[in-house]
$ cat structure27.cif   # mmCIF, C-alpha atoms
data_model
loop_
_atom_site.label_atom_id
_atom_site.label_comp_id
_atom_site.auth_asym_id
_atom_site.auth_seq_id
_atom_site.Cartn_x
_atom_site.Cartn_y
_atom_site.Cartn_z
CA MET E 11 38.94 -7.05 20.95
CA THR E 12 41.79 -9.41 21.79
CA GLU E 13 42.14 -12.88 20.36
CA THR E 14 41.91 -14.27 23.91
CA LEU E 15 38.56 -12.58 24.52
CA GLN E 16 37.27 -13.70 21.14
CA LYS E 17 38.11 -17.32 21.97
CA GLU E 18 36.44 -16.96 25.38
CA LEU E 19 33.28 -15.53 23.83
CA THR E 20 33.19 -18.20 21.14
CA ALA E 21 33.27 -20.89 23.82
CA ILE E 22 30.50 -19.10 25.73
CA ARG E 23 28.38 -18.82 22.62
CA HIS E 24 28.79 -22.54 21.86
CA LYS E 25 27.80 -23.41 25.43
CA LEU E 26 24.69 -21.27 25.22
CA HIS E 27 23.83 -22.78 21.86
CA GLN E 28 24.01 -26.28 23.32
CA HIS E 29 21.68 -25.37 26.18
CA PRO E 30 18.81 -23.32 24.73
CA GLU E 31 15.73 -22.45 26.77
CA LEU E 32 12.28 -21.40 25.60
CA SER E 33 10.68 -18.04 26.29
CA GLY E 34 9.92 -17.52 29.95
CA HIS E 35 11.94 -20.59 30.94
CA GLU E 36 15.47 -19.16 30.63
CA VAL E 37 16.37 -20.20 34.19
CA GLU E 38 19.79 -21.78 33.57
CA THR E 39 20.64 -19.11 31.00
CA THR E 40 19.88 -16.44 33.60
CA ARG E 41 22.06 -18.21 36.16
CA PHE E 42 24.93 -18.56 33.70
CA LEU E 43 24.81 -14.91 32.60
CA THR E 44 24.70 -13.75 36.22
CA GLN E 45 27.76 -15.84 37.06
CA GLN E 46 29.68 -14.46 34.08
CA LEU E 47 28.87 -10.86 34.94
CA ARG E 48 29.71 -11.24 38.62
CA ALA E 49 32.99 -12.93 37.76
CA HIS E 50 33.98 -9.69 35.99
CA GLY E 51 32.88 -7.49 38.88
CA ILE E 52 29.79 -6.16 37.11
CA LYS E 53 26.89 -4.99 39.27
CA ILE E 54 23.71 -7.07 39.02
CA VAL E 55 20.55 -5.01 39.50
CA PRO E 56 17.77 -6.57 41.61
CA THR E 57 14.67 -7.17 39.52
CA GLU E 58 11.18 -8.61 39.68
CA LEU E 59 11.79 -10.42 36.39
CA ALA E 60 11.41 -14.21 36.69
CA THR E 61 14.14 -14.71 34.09
CA GLY E 62 16.61 -12.41 32.41
CA VAL E 63 19.36 -10.26 33.87
CA ILE E 64 19.76 -6.51 34.42
CA ALA E 65 23.24 -5.17 35.13
CA GLU E 66 24.91 -1.75 35.27
CA ILE E 67 28.32 -0.27 34.55
CA GLY E 68 29.38 3.31 35.22
CA ASP E 69 27.99 6.20 37.24
CA ALA E 70 24.68 7.94 36.56
CA THR E 71 25.87 11.10 38.31
CA LYS E 72 28.43 11.69 35.57
CA GLY E 73 26.01 11.76 32.65
CA PRO E 74 23.06 10.07 30.95
CA THR E 75 21.89 6.50 31.37
CA ILE E 76 21.67 4.43 28.21
CA ALA E 77 20.59 0.81 27.76
CA LEU E 78 22.05 -2.01 25.68
CA ARG E 79 19.66 -4.88 25.03
CA ALA E 80 20.08 -8.49 23.92
CA ASP E 81 17.44 -11.23 23.85
CA ILE E 82 18.18 -14.65 25.39
CA ASP E 83 15.36 -17.08 24.50
CA ALA E 84 15.28 -19.94 21.99
CA LEU E 85 12.64 -21.55 19.76
CA PRO E 86 10.71 -24.86 19.79
CA ILE E 87 12.63 -26.28 16.82
CA THR E 88 14.68 -29.47 16.50
CA GLU E 89 18.13 -28.52 15.25
CA ALA E 90 19.41 -29.91 11.94
CA THR E 91 22.62 -27.91 11.45
CA GLY E 92 25.07 -30.74 12.15
CA LEU E 93 27.28 -28.30 14.08
CA PRO E 94 29.66 -29.83 16.63
CA PHE E 95 27.94 -27.73 19.29
CA THR E 96 24.38 -28.67 18.27
CA SER E 97 21.63 -28.21 20.83
CA LYS E 98 21.50 -30.93 23.46
CA LYS E 99 17.79 -30.32 23.98
CA THR E 100 15.62 -32.12 21.44
CA GLY E 101 12.94 -29.80 20.14
CA VAL E 102 14.64 -26.60 21.37
CA MET E 103 17.13 -24.57 19.31
CA HIS E 104 18.68 -21.14 19.07
CA ALA E 105 17.32 -20.85 15.54
CA CYS E 106 17.32 -17.05 15.59
CA GLY E 107 20.80 -16.35 16.94
CA HIS E 108 19.91 -15.13 20.41
CA ASP E 109 22.83 -17.17 21.72
CA LEU E 110 25.10 -14.88 19.75
CA HIS E 111 23.21 -11.73 20.80
CA GLN E 112 23.63 -12.39 24.51
CA THR E 113 27.25 -13.47 24.07
CA SER E 114 28.12 -10.21 22.31
CA LEU E 115 26.46 -8.19 25.06
CA LEU E 116 28.49 -10.15 27.60
CA GLY E 117 31.65 -9.34 25.67
CA ALA E 118 30.67 -5.67 25.55
CA ALA E 119 30.04 -5.75 29.30
CA PHE E 120 33.51 -7.17 29.94
CA LEU E 121 35.15 -4.41 27.89
CA LEU E 122 33.02 -1.59 29.30
CA GLN E 123 33.76 -2.76 32.84
CA GLU E 124 37.48 -2.34 32.15
CA GLN E 125 36.88 1.37 31.47
CA ALA E 126 34.00 1.93 33.91
CA ALA E 127 35.78 4.77 35.71
CA ASP E 128 36.08 6.72 32.45
CA LEU E 129 32.49 6.31 31.26
CA ASN E 130 30.54 9.54 30.92
CA GLY E 131 27.41 8.12 32.55
CA LEU E 132 25.72 4.78 33.19
CA VAL E 133 25.25 1.79 30.89
CA ARG E 134 22.34 -0.50 31.76
CA LEU E 135 22.62 -3.99 30.32
CA ILE E 136 19.33 -5.72 29.54
CA PHE E 137 19.51 -9.47 28.91
CA GLN E 138 15.87 -9.78 27.96
CA PRO E 139 13.73 -12.93 28.19
CA ALA E 140 10.75 -13.92 26.04
CA GLU E 141 11.37 -11.94 22.86
CA GLU E 142 9.98 -14.73 20.70
CA THR E 143 6.61 -14.51 22.46
CA HIS E 144 6.68 -10.70 22.28
CA ARG E 145 6.27 -10.38 26.04
CA GLY E 146 9.75 -9.81 27.37
CA ALA E 147 10.21 -6.12 26.58
CA GLN E 148 6.98 -5.20 28.33
CA GLN E 149 8.02 -7.33 31.30
CA VAL E 150 11.27 -5.36 31.51
CA ILE E 151 9.38 -2.07 31.35
CA THR E 152 6.82 -3.17 33.95
CA ALA E 153 9.65 -4.18 36.26
CA GLY E 154 10.92 -0.58 36.11
CA GLN E 155 14.17 -1.35 34.31
CA LEU E 156 13.78 1.46 31.78
CA THR E 157 13.51 4.15 34.47
CA ASN E 158 15.77 7.16 33.75
CA VAL E 159 17.08 5.58 30.52
CA ALA E 160 17.66 8.25 27.87
CA ALA E 161 18.10 5.92 24.89
CA ILE E 162 18.41 2.24 24.03
CA ILE E 163 20.22 0.34 21.30
CA GLY E 164 20.00 -3.25 20.15
CA TYR E 165 20.51 -5.38 17.09
CA HIS E 166 19.57 -8.62 15.38
CA ASN E 167 21.94 -10.78 13.41
CA HIS E 168 21.08 -10.94 9.71
CA PRO E 169 22.18 -14.09 7.84
CA LYS E 170 21.76 -12.44 4.44
CA LEU E 171 24.28 -9.72 5.27
CA LYS E 172 27.99 -10.42 5.15
CA VAL E 173 30.07 -10.63 8.31
CA GLY E 174 31.49 -7.15 8.79
CA GLN E 175 28.35 -5.34 7.62
CA ILE E 176 25.99 -3.34 9.82
CA GLY E 177 22.61 -2.45 8.37
CA LEU E 178 20.70 0.61 9.53
CA ARG E 179 17.82 2.82 8.45
CA PRO E 180 15.85 5.59 10.16
CA HIS E 181 12.20 5.02 11.04
CA GLY E 182 10.74 1.54 10.38
CA ILE E 183 13.33 -1.24 10.14
CA MET E 184 11.06 -4.12 11.21
CA ALA E 185 7.32 -4.51 10.90
CA GLY E 186 4.43 -4.09 13.27
CA VAL E 187 2.94 -7.54 13.83
CA ASP E 188 -0.70 -8.50 14.27
CA GLN E 189 -2.16 -12.00 14.44
CA PHE E 190 -5.72 -13.10 13.82
CA ALA E 191 -7.84 -16.22 14.24
CA VAL E 192 -11.28 -16.44 12.64
CA LYS E 193 -14.16 -18.91 13.00
CA ILE E 194 -16.82 -18.94 10.30
CA THR E 195 -20.10 -20.52 11.34
CA GLY E 196 -22.62 -21.73 8.79
CA VAL E 197 -25.01 -24.67 8.58
CA GLY E 198 -23.85 -28.20 7.80
CA ALA E 199 -25.61 -30.56 5.37
CA HIS E 200 -25.08 -33.55 3.10
CA ALA E 201 -22.71 -32.71 0.27
CA ALA E 202 -25.41 -33.79 -2.20
CA THR E 203 -27.86 -31.16 -0.91
CA PRO E 204 -25.88 -27.90 -0.67
CA GLN E 205 -29.11 -25.89 -0.86
CA SER E 206 -29.77 -27.00 2.73
CA ALA E 207 -26.44 -25.64 3.95
CA ILE E 208 -24.69 -22.38 4.59
CA ASP E 209 -21.31 -23.49 3.33
CA PRO E 210 -18.46 -22.11 5.51
CA ILE E 211 -15.84 -23.36 3.05
CA VAL E 212 -17.17 -21.23 0.20
CA ALA E 213 -17.51 -18.26 2.56
CA THR E 214 -13.98 -18.70 3.87
CA SER E 215 -12.59 -19.01 0.35
CA ALA E 216 -14.17 -15.70 -0.62
CA ILE E 217 -12.92 -14.04 2.56
CA VAL E 218 -9.34 -15.19 1.96
CA GLN E 219 -9.44 -13.81 -1.57
CA ASN E 220 -10.96 -10.50 -0.50
CA LEU E 221 -8.42 -9.98 2.28
CA GLN E 222 -5.68 -9.71 -0.31
CA THR E 223 -7.17 -6.37 -1.39
CA ILE E 224 -6.26 -4.77 1.94
CA VAL E 225 -2.75 -3.96 0.75
CA SER E 226 -3.34 -3.81 -3.01
CA ARG E 227 -6.41 -1.53 -2.87
CA ASN E 228 -6.20 0.29 0.46
CA PHE E 229 -2.53 1.02 1.11
CA SER E 230 -0.68 3.73 -0.77
CA PRO E 231 1.48 2.23 -3.55
CA LEU E 232 4.42 3.74 -1.67
CA SER E 233 3.58 1.83 1.53
CA THR E 234 4.51 -1.74 2.42
CA GLY E 235 2.37 -4.40 4.03
CA VAL E 236 1.72 -8.13 4.11
CA VAL E 237 -1.47 -10.12 4.72
CA SER E 238 -0.80 -13.86 5.03
CA ILE E 239 -3.35 -16.60 5.68
CA THR E 240 -1.27 -19.47 7.04
CA HIS E 241 -3.74 -22.08 8.35
CA ILE E 242 -7.21 -23.15 7.17
CA GLU E 243 -9.33 -25.97 8.59
CA SER E 244 -12.83 -27.23 7.84
CA GLY E 245 -14.67 -30.52 7.63
CA ASN E 246 -13.47 -34.08 8.14
CA THR E 247 -14.90 -36.20 5.34
CA TRP E 248 -15.69 -36.13 1.61
CA ASN E 249 -19.49 -36.13 1.55
CA VAL E 250 -20.51 -33.75 4.34
CA LEU E 251 -20.61 -29.98 4.20
CA PRO E 252 -19.29 -28.85 7.60
CA ALA E 253 -20.93 -26.29 9.86
CA THR E 254 -17.76 -24.34 10.63
CA ALA E 255 -14.42 -23.31 9.19
CA PHE E 256 -11.36 -21.76 10.76
CA PHE E 257 -8.45 -19.73 9.46
CA GLU E 258 -5.59 -17.75 10.98
CA GLY E 259 -2.63 -15.71 9.92
CA THR E 260 -0.79 -12.43 10.29
CA ILE E 261 -0.65 -8.84 9.07
CA ARG E 262 2.63 -6.90 8.90
CA THR E 263 2.75 -3.11 8.50
CA PHE E 264 5.24 -0.25 8.80
CA SER E 265 3.21 2.67 10.12
CA ASP E 266 0.57 3.27 12.76
CA HIS E 267 -1.76 4.56 10.06
CA ASP E 268 -1.47 1.45 7.93
CA ARG E 269 -1.73 -0.82 10.97
CA ALA E 270 -5.03 0.76 12.04
CA LEU E 271 -6.29 0.78 8.46
CA ALA E 272 -5.45 -2.91 7.96
CA LYS E 273 -7.28 -3.93 11.12
CA ARG E 274 -10.36 -1.87 10.26
CA ARG E 275 -10.56 -3.28 6.72
CA PHE E 276 -9.91 -6.82 8.00
CA TYR E 277 -12.96 -6.70 10.25
CA GLN E 278 -15.11 -5.16 7.53
CA ILE E 279 -14.12 -7.69 4.88
CA VAL E 280 -14.41 -10.75 7.13
CA GLU E 281 -17.75 -9.83 8.69
CA GLN E 282 -19.42 -8.48 5.57
CA THR E 283 -18.21 -11.26 3.26
CA ALA E 284 -19.38 -13.87 5.77
CA ALA E 285 -22.78 -12.14 5.96
CA LEU E 286 -23.02 -12.17 2.16
CA PHE E 287 -23.10 -15.97 2.37
CA GLY E 288 -25.42 -16.04 5.37
CA ALA E 289 -22.59 -17.10 7.71
CA GLN E 290 -21.32 -15.55 10.93
CA ALA E 291 -17.73 -14.56 11.69
CA THR E 292 -16.03 -14.58 15.09
CA ILE E 293 -12.68 -12.78 15.08
CA GLU E 294 -9.89 -12.97 17.62
CA TRP E 295 -7.21 -10.29 17.22
CA PHE E 296 -3.80 -10.49 18.86
CA GLU E 297 -1.70 -7.34 18.81
CA GLY E 298 2.02 -8.03 18.58
CA PRO E 299 4.97 -5.63 18.56
CA ALA E 300 4.64 -2.24 16.97
CA VAL E 301 6.91 -1.08 14.15
CA THR E 302 10.58 -1.15 15.17
CA ASN E 303 10.91 2.58 14.68
CA ASN E 304 14.46 3.93 14.71
CA ASP E 305 14.86 7.47 16.00
CA PRO E 306 16.34 9.44 13.05
CA ALA E 307 18.74 11.58 15.11
CA LEU E 308 20.07 8.63 17.10
CA THR E 309 20.35 6.55 13.95
CA GLN E 310 22.56 9.21 12.44
CA VAL E 311 24.88 9.06 15.47
CA VAL E 312 25.00 5.24 15.48
CA TRP E 313 25.63 5.23 11.72
CA ALA E 314 28.56 7.66 12.07
CA GLU E 315 30.12 5.63 14.88
CA SER E 316 29.51 2.22 13.32
CA LYS E 317 31.21 3.16 10.06
CA THR E 318 34.46 3.64 12.00
CA PHE E 319 34.77 -0.13 12.51
CA ALA E 320 32.37 -1.79 10.05
CA GLU E 321 30.87 -1.47 6.60
CA THR E 322 27.66 0.41 7.34
CA ILE E 323 24.85 0.16 4.79
CA GLU E 324 21.21 1.21 4.52
CA VAL E 325 19.03 -1.89 4.54
CA GLU E 326 15.52 -2.61 3.39
CA PRO E 327 12.99 -3.06 6.19
CA ALA E 328 12.25 -6.62 7.29
CA THR E 329 8.66 -7.85 7.58
CA ALA E 330 9.54 -9.88 10.68
CA GLY E 331 8.67 -8.32 14.03
CA GLU E 332 10.71 -7.42 17.11
CA ASP E 333 9.54 -6.54 20.60
CA PHE E 334 12.44 -4.08 20.85
CA ALA E 335 9.77 -1.82 19.36
CA THR E 336 8.06 -1.77 22.76
CA TYR E 337 11.02 0.11 24.22
CA GLN E 338 10.98 2.57 21.32
CA GLN E 339 7.40 3.52 22.12
CA ILE E 340 8.68 4.96 25.40
CA ILE E 341 12.22 6.20 24.73
CA PRO E 342 14.34 6.87 21.61
CA GLY E 343 16.08 3.77 20.32
CA VAL E 344 18.10 2.34 17.45
CA PHE E 345 17.94 -1.22 16.21
CA ALA E 346 20.45 -2.52 13.66
CA PHE E 347 21.06 -5.61 11.56
CA ILE E 348 24.54 -7.12 11.84
CA GLY E 349 25.73 -9.53 9.16
CA SER E 350 26.07 -13.08 10.45
CA ASN E 351 26.61 -15.28 7.39
CA GLY E 352 26.30 -13.75 3.93
CA ALA E 353 26.26 -17.00 1.98
CA LYS E 354 23.60 -17.18 -0.73
CA GLU E 355 22.33 -20.48 0.63
CA ALA E 356 22.18 -19.28 4.25
CA SER E 357 18.85 -20.08 5.89
CA ASP E 358 16.82 -17.26 7.32
CA TRP E 359 15.63 -16.94 10.91
CA HIS E 360 13.57 -19.73 12.50
CA HIS E 361 14.87 -22.55 10.28
CA ASP E 362 16.19 -25.83 11.69
CA ASP E 363 19.45 -25.39 9.75
CA PHE E 364 19.96 -21.74 10.69
CA ILE E 365 23.66 -20.94 11.19
CA VAL E 366 25.42 -17.78 12.30
CA ARG E 367 29.18 -17.47 12.12
CA ASP E 368 31.30 -16.89 15.20
CA GLU E 369 33.38 -14.43 13.19
CA MET E 370 30.67 -11.80 13.63
CA LEU E 371 31.21 -11.62 17.40
CA PRO E 372 33.89 -8.87 17.32
CA ILE E 373 31.70 -6.61 15.17
CA ALA E 374 28.67 -7.15 17.42
CA VAL E 375 30.71 -6.46 20.56
CA MET E 376 32.12 -3.27 19.07
CA TYR E 377 28.63 -2.18 18.00
CA TYR E 378 27.61 -2.16 21.64
CA VAL E 379 30.83 -0.77 23.12
CA LYS E 380 31.59 2.03 20.71
CA ASN E 381 28.02 3.22 20.33
CA ALA E 382 27.49 3.13 24.09
CA ILE E 383 30.52 5.36 24.66
CA ARG E 384 29.48 7.68 21.81
CA LEU E 385 25.93 8.06 23.10
CA LEU E 386 27.12 8.76 26.64
CA HIS E 387 29.00 11.74 25.20
CA GLU E 388 26.30 12.84 22.74
CA LEU E 389 23.23 12.72 24.98
CA PRO E 390 22.43 15.26 27.71
CA ARG E 391 22.36 14.32 31.39
CA ASN E 392 19.16 12.76 32.68
#
$ encode --input "structure27.cif" --output "structure tokens"
Amino acid sequence: MTETLQKELTAIRHKLHQHPELSGHEVETTRFLTQQLRAHGIKIVPTELATGVIAEIGDATKGPTIALRADIDALPITEATGLPFTSKKTGVMHACGHDLHQTSLLGAAFLLQEQAADLNGLVRLIFQPAEETHRGAQQVITAGQLTNVAAIIGYHNHPKLKVGQIGLRPHGIMAGVDQFAVKITGVGAHAATPQSAIDPIVATSAIVQNLQTIVSRNFSPLSTGVVSITHIESGNTWNVLPATAFFEGTIRTFSDHDRALAKRRFYQIVEQTAALFGAQATIEWFEGPAVTNNDPALTQVVWAESKTFAETIEVEPATAGEDFATYQQIIPGVFAFIGSNGAKEASDWHHDDFIVRDEMLPIAVMYYVKNAIRLLHELPRN
């Protein structure tokens, strides 16, 4: 990648960072990306998507169709980085690096367009909306934008990895995500007469404790999982036992078996523990992305190609979730981590002082370009 292109992409990334948009509201981002692609002669594909951009480079009659995906949405966070290109929208920030993701896919598009006539197939570019709400990938699929695609690749920046590193692993690289919200209903009473009550606070406390046995006493010691209770509410004064309590949280798993097991045990523990105290439990369950499950054969190809221009390492799986997994449930895909900071003090995703370094742009662009070309040669025709 030339120094001129790197400077151009850095300026684009800073512009996008200053003008973040929340999931499903990426209207100006969509307009900007469309303008950039058209300015380089890249075909925009008509789509039913309200936001986001689909574009294509190459010729499907020459070989397979592969997809490159980047997410474009931001988060409801007030930025505290102090960067000279800080967000101009109070309460909205690219605190996960999606500004960099979409910029690198733009850069890859510019370079692939220069060699479009020589491509051994078609590259479909997916600038996906609404990743943070875990809806965007399914919207892309519903709109028919994965039709005839043989494989898909994507990545997420990783602030704990050094710039110049690409992290890969076959199978699960990010967790399946489930969310729950639970209401415990008892009977309220004066705090001085607990015998007249069915105390939802005591019941909820027991439930929270018991839920921690899902992983420790139900999962294999060789499996990984997380059960986190993140919000508890009950009562509003010191001398009244309330009638209800509420708690919510998340479960993260790395296999379909463990995901189903965790849900089954969750319901059993919550309902039966509540009943033990004479209370009733009402559970709401929200299914998020599945495990980001890298196809082993494709991962091997991407690993071999990536090591030609970057330090490629095997990474531990992350317990965060990614709706890229939705694509992988339909077609083979590979999702990587690309180092974006590497400093010990670097904040992780979704922090108000989250910083990625512009220096990672060339590696991210090459990840898309080189692996796209390699896969077009490796994969059979559609």
$ resolve_selection --input "structure27.cif" --expression "the PyMOL selection byres ((chain E and resi 361) around 10)" --output "PyMOL selection string"
chain E and resi 85+87-91+103-106+357-360+362-365
$ write_last_selection --input "structure27.cif" --atoms "C-alpha atoms" --output "mmCIF file, in the coordinates of the input"
data_model
loop_
_atom_site.group_PDB
_atom_site.id
_atom_site.type_symbol
_atom_site.label_atom_id
_atom_site.label_comp_id
_atom_site.auth_asym_id
_atom_site.auth_seq_id
_atom_site.Cartn_x
_atom_site.Cartn_y
_atom_site.Cartn_z
ATOM 1 C CA LEU E 85 12.640 -21.550 19.760
ATOM 2 C CA ILE E 87 12.630 -26.280 16.820
ATOM 3 C CA THR E 88 14.680 -29.470 16.500
ATOM 4 C CA GLU E 89 18.130 -28.520 15.250
ATOM 5 C CA ALA E 90 19.410 -29.910 11.940
ATOM 6 C CA THR E 91 22.620 -27.910 11.450
ATOM 7 C CA MET E 103 17.130 -24.570 19.310
ATOM 8 C CA HIS E 104 18.680 -21.140 19.070
ATOM 9 C CA ALA E 105 17.320 -20.850 15.540
ATOM 10 C CA CYS E 106 17.320 -17.050 15.590
ATOM 11 C CA SER E 357 18.850 -20.080 5.890
ATOM 12 C CA ASP E 358 16.820 -17.260 7.320
ATOM 13 C CA TRP E 359 15.630 -16.940 10.910
ATOM 14 C CA HIS E 360 13.570 -19.730 12.500
ATOM 15 C CA ASP E 362 16.190 -25.830 11.690
ATOM 16 C CA ASP E 363 19.450 -25.390 9.750
ATOM 17 C CA PHE E 364 19.960 -21.740 10.690
ATOM 18 C CA ILE E 365 23.660 -20.940 11.190
#
$ residues_around --input "structure27.cif" --residues "Ile76 in chain E" --least-positions-apart "2" --cutoff "6 Å" --atoms "only C-alpha atoms" --output "NGL selection string"
:E and (133 or 159-162)
$ axis_aligned_box --input "structure27.cif" --around "range 280-285 of chain E" --padding-each-side "3 Å" --output "lines of an AutoDock Vina configuration file"
center_x = -18.6
center_y = -11.2
center_z = 6.0
size_x = 14.4
size_y = 11.4
size_z = 11.4
$ residues_near_point --input "structure27.cif" --point "(-0.9, 0.5, 11.2)" --cutoff "10 Å" --atoms "all atoms listed in the file" --output "list in words"
Ala185, Gly186, Val187, Asp188, Gly235, Ile261, Arg262, Thr263, Phe264, Ser265, Asp266, His267, Asp268, Arg269, Ala270, Leu271, Ala272, Lys273, Arg274, Ala300 and Val301 of chain E
$ atom_distance --input "structure27.cif" --atom1 "CA of His50 in chain E" --atom2 "CA of Arg384 in chain E"
22.9 Å
$ closest_residue --input "structure27.cif" --among "E:Arg48, E:Pro30, E:Phe42, E:Thr157" --to "Phe95 in chain E" --atoms "all atoms listed in the file"
E:Pro30
$ closest_residue --input "structure27.cif" --among "E:Gly92, E:Pro169, E:Pro252, E:Gly51" --to "Ile208 in chain E" --atoms "all atoms listed in the file"
E:Pro252
$ closest_residue --input "structure27.cif" --among "E:Ile82, E:Ala216, E:Leu178, E:Ala284" --to "Gln310 in chain E" --atoms "all atoms listed in the file"
E:Leu178
$ residues_around --input "structure27.cif" --residues "Leu371 in chain E" --least-positions-apart "4" --cutoff "8 Å" --atoms "all atoms listed in the file" --output "VMD selection string"
chain E and resid 16 19 to 20 110 113 to 114 375
$ residues_around --input "structure27.cif" --residues "Ala335 in chain E" --least-positions-apart "6" --cutoff "9 Å" --atoms "all atoms listed in the file" --output "PyMOL selection string"
chain E and resi 147+184+186+299-304+343+345
$ resolve_selection --input "structure27.cif" --expression "the PyMOL selection byres ((chain E and resi 195) around 8)" --output "list in words"
Lys193, Ile194, Gly196, Val197, Pro210, Ala253, Thr254, Ala255, Ala289, Gln290 and Ala291 of chain E
$ closest_residue --input "structure27.cif" --among "E:Ile279, E:Ile340, E:Val311, E:Ala374" --to "Asn158 in chain E" --atoms "all atoms listed in the file"
E:Ile340
$ closest_residue --input "structure27.cif" --among "E:Glu315, E:Glu297, E:Glu66, E:Glu58" --to "Ile383 in chain E" --atoms "all atoms listed in the file"
E:Glu315
$ residues_around --input "structure27.cif" --residues "Trp313 in chain E" --least-positions-apart "3" --cutoff "10 Å" --atoms "all atoms listed in the file" --output "number ranges by chain"
E: 176-180, 307-310, 316-318, 320-324, 344, 346, 381
$ closest_residue --input "structure27.cif" --among "E:Met11, E:Leu47, E:Leu389, E:Ala127" --to "Ile373 in chain E" --atoms "all atoms listed in the file"
E:Met11
$ resolve_selection --input "structure27.cif" --expression "the PyMOL selection byres ((chain E and resi 220) around 12)" --output "JSON list (two decimals) with C-alpha atoms, in the frame of the given file"
[["chain", "number", "residue", "atom", "x", "y", "z"],
["E", 213, "ALA", "CA", -17.51, -18.26, 2.56],
["E", 214, "THR", "CA", -13.98, -18.70, 3.87],
["E", 215, "SER", "CA", -12.59, -19.01, 0.35],
["E", 216, "ALA", "CA", -14.17, -15.70, -0.62],
["E", 217, "ILE", "CA", -12.92, -14.04, 2.56],
["E", 218, "VAL", "CA", -9.34, -15.19, 1.96],
["E", 219, "GLN", "CA", -9.44, -13.81, -1.57],
["E", 221, "LEU", "CA", -8.42, -9.98, 2.28],
["E", 222, "GLN", "CA", -5.68, -9.71, -0.31],
["E", 223, "THR", "CA", -7.17, -6.37, -1.39],
["E", 224, "ILE", "CA", -6.26, -4.77, 1.94],
["E", 225, "VAL", "CA", -2.75, -3.96, 0.75],
["E", 226, "SER", "CA", -3.34, -3.81, -3.01],
["E", 227, "ARG", "CA", -6.41, -1.53, -2.87],
["E", 228, "ASN", "CA", -6.20, 0.29, 0.46],
["E", 237, "VAL", "CA", -1.47, -10.12, 4.72],
["E", 239, "ILE", "CA", -3.35, -16.60, 5.68],
["E", 275, "ARG", "CA", -10.56, -3.28, 6.72],
["E", 276, "PHE", "CA", -9.91, -6.82, 8.00],
["E", 277, "TYR", "CA", -12.96, -6.70, 10.25],
["E", 278, "GLN", "CA", -15.11, -5.16, 7.53],
["E", 279, "ILE", "CA", -14.12, -7.69, 4.88],
["E", 280, "VAL", "CA", -14.41, -10.75, 7.13],
["E", 281, "GLU", "CA", -17.75, -9.83, 8.69],
["E", 282, "GLN", "CA", -19.42, -8.48, 5.57],
["E", 283, "THR", "CA", -18.21, -11.26, 3.26],
["E", 284, "ALA", "CA", -19.38, -13.87, 5.77]]
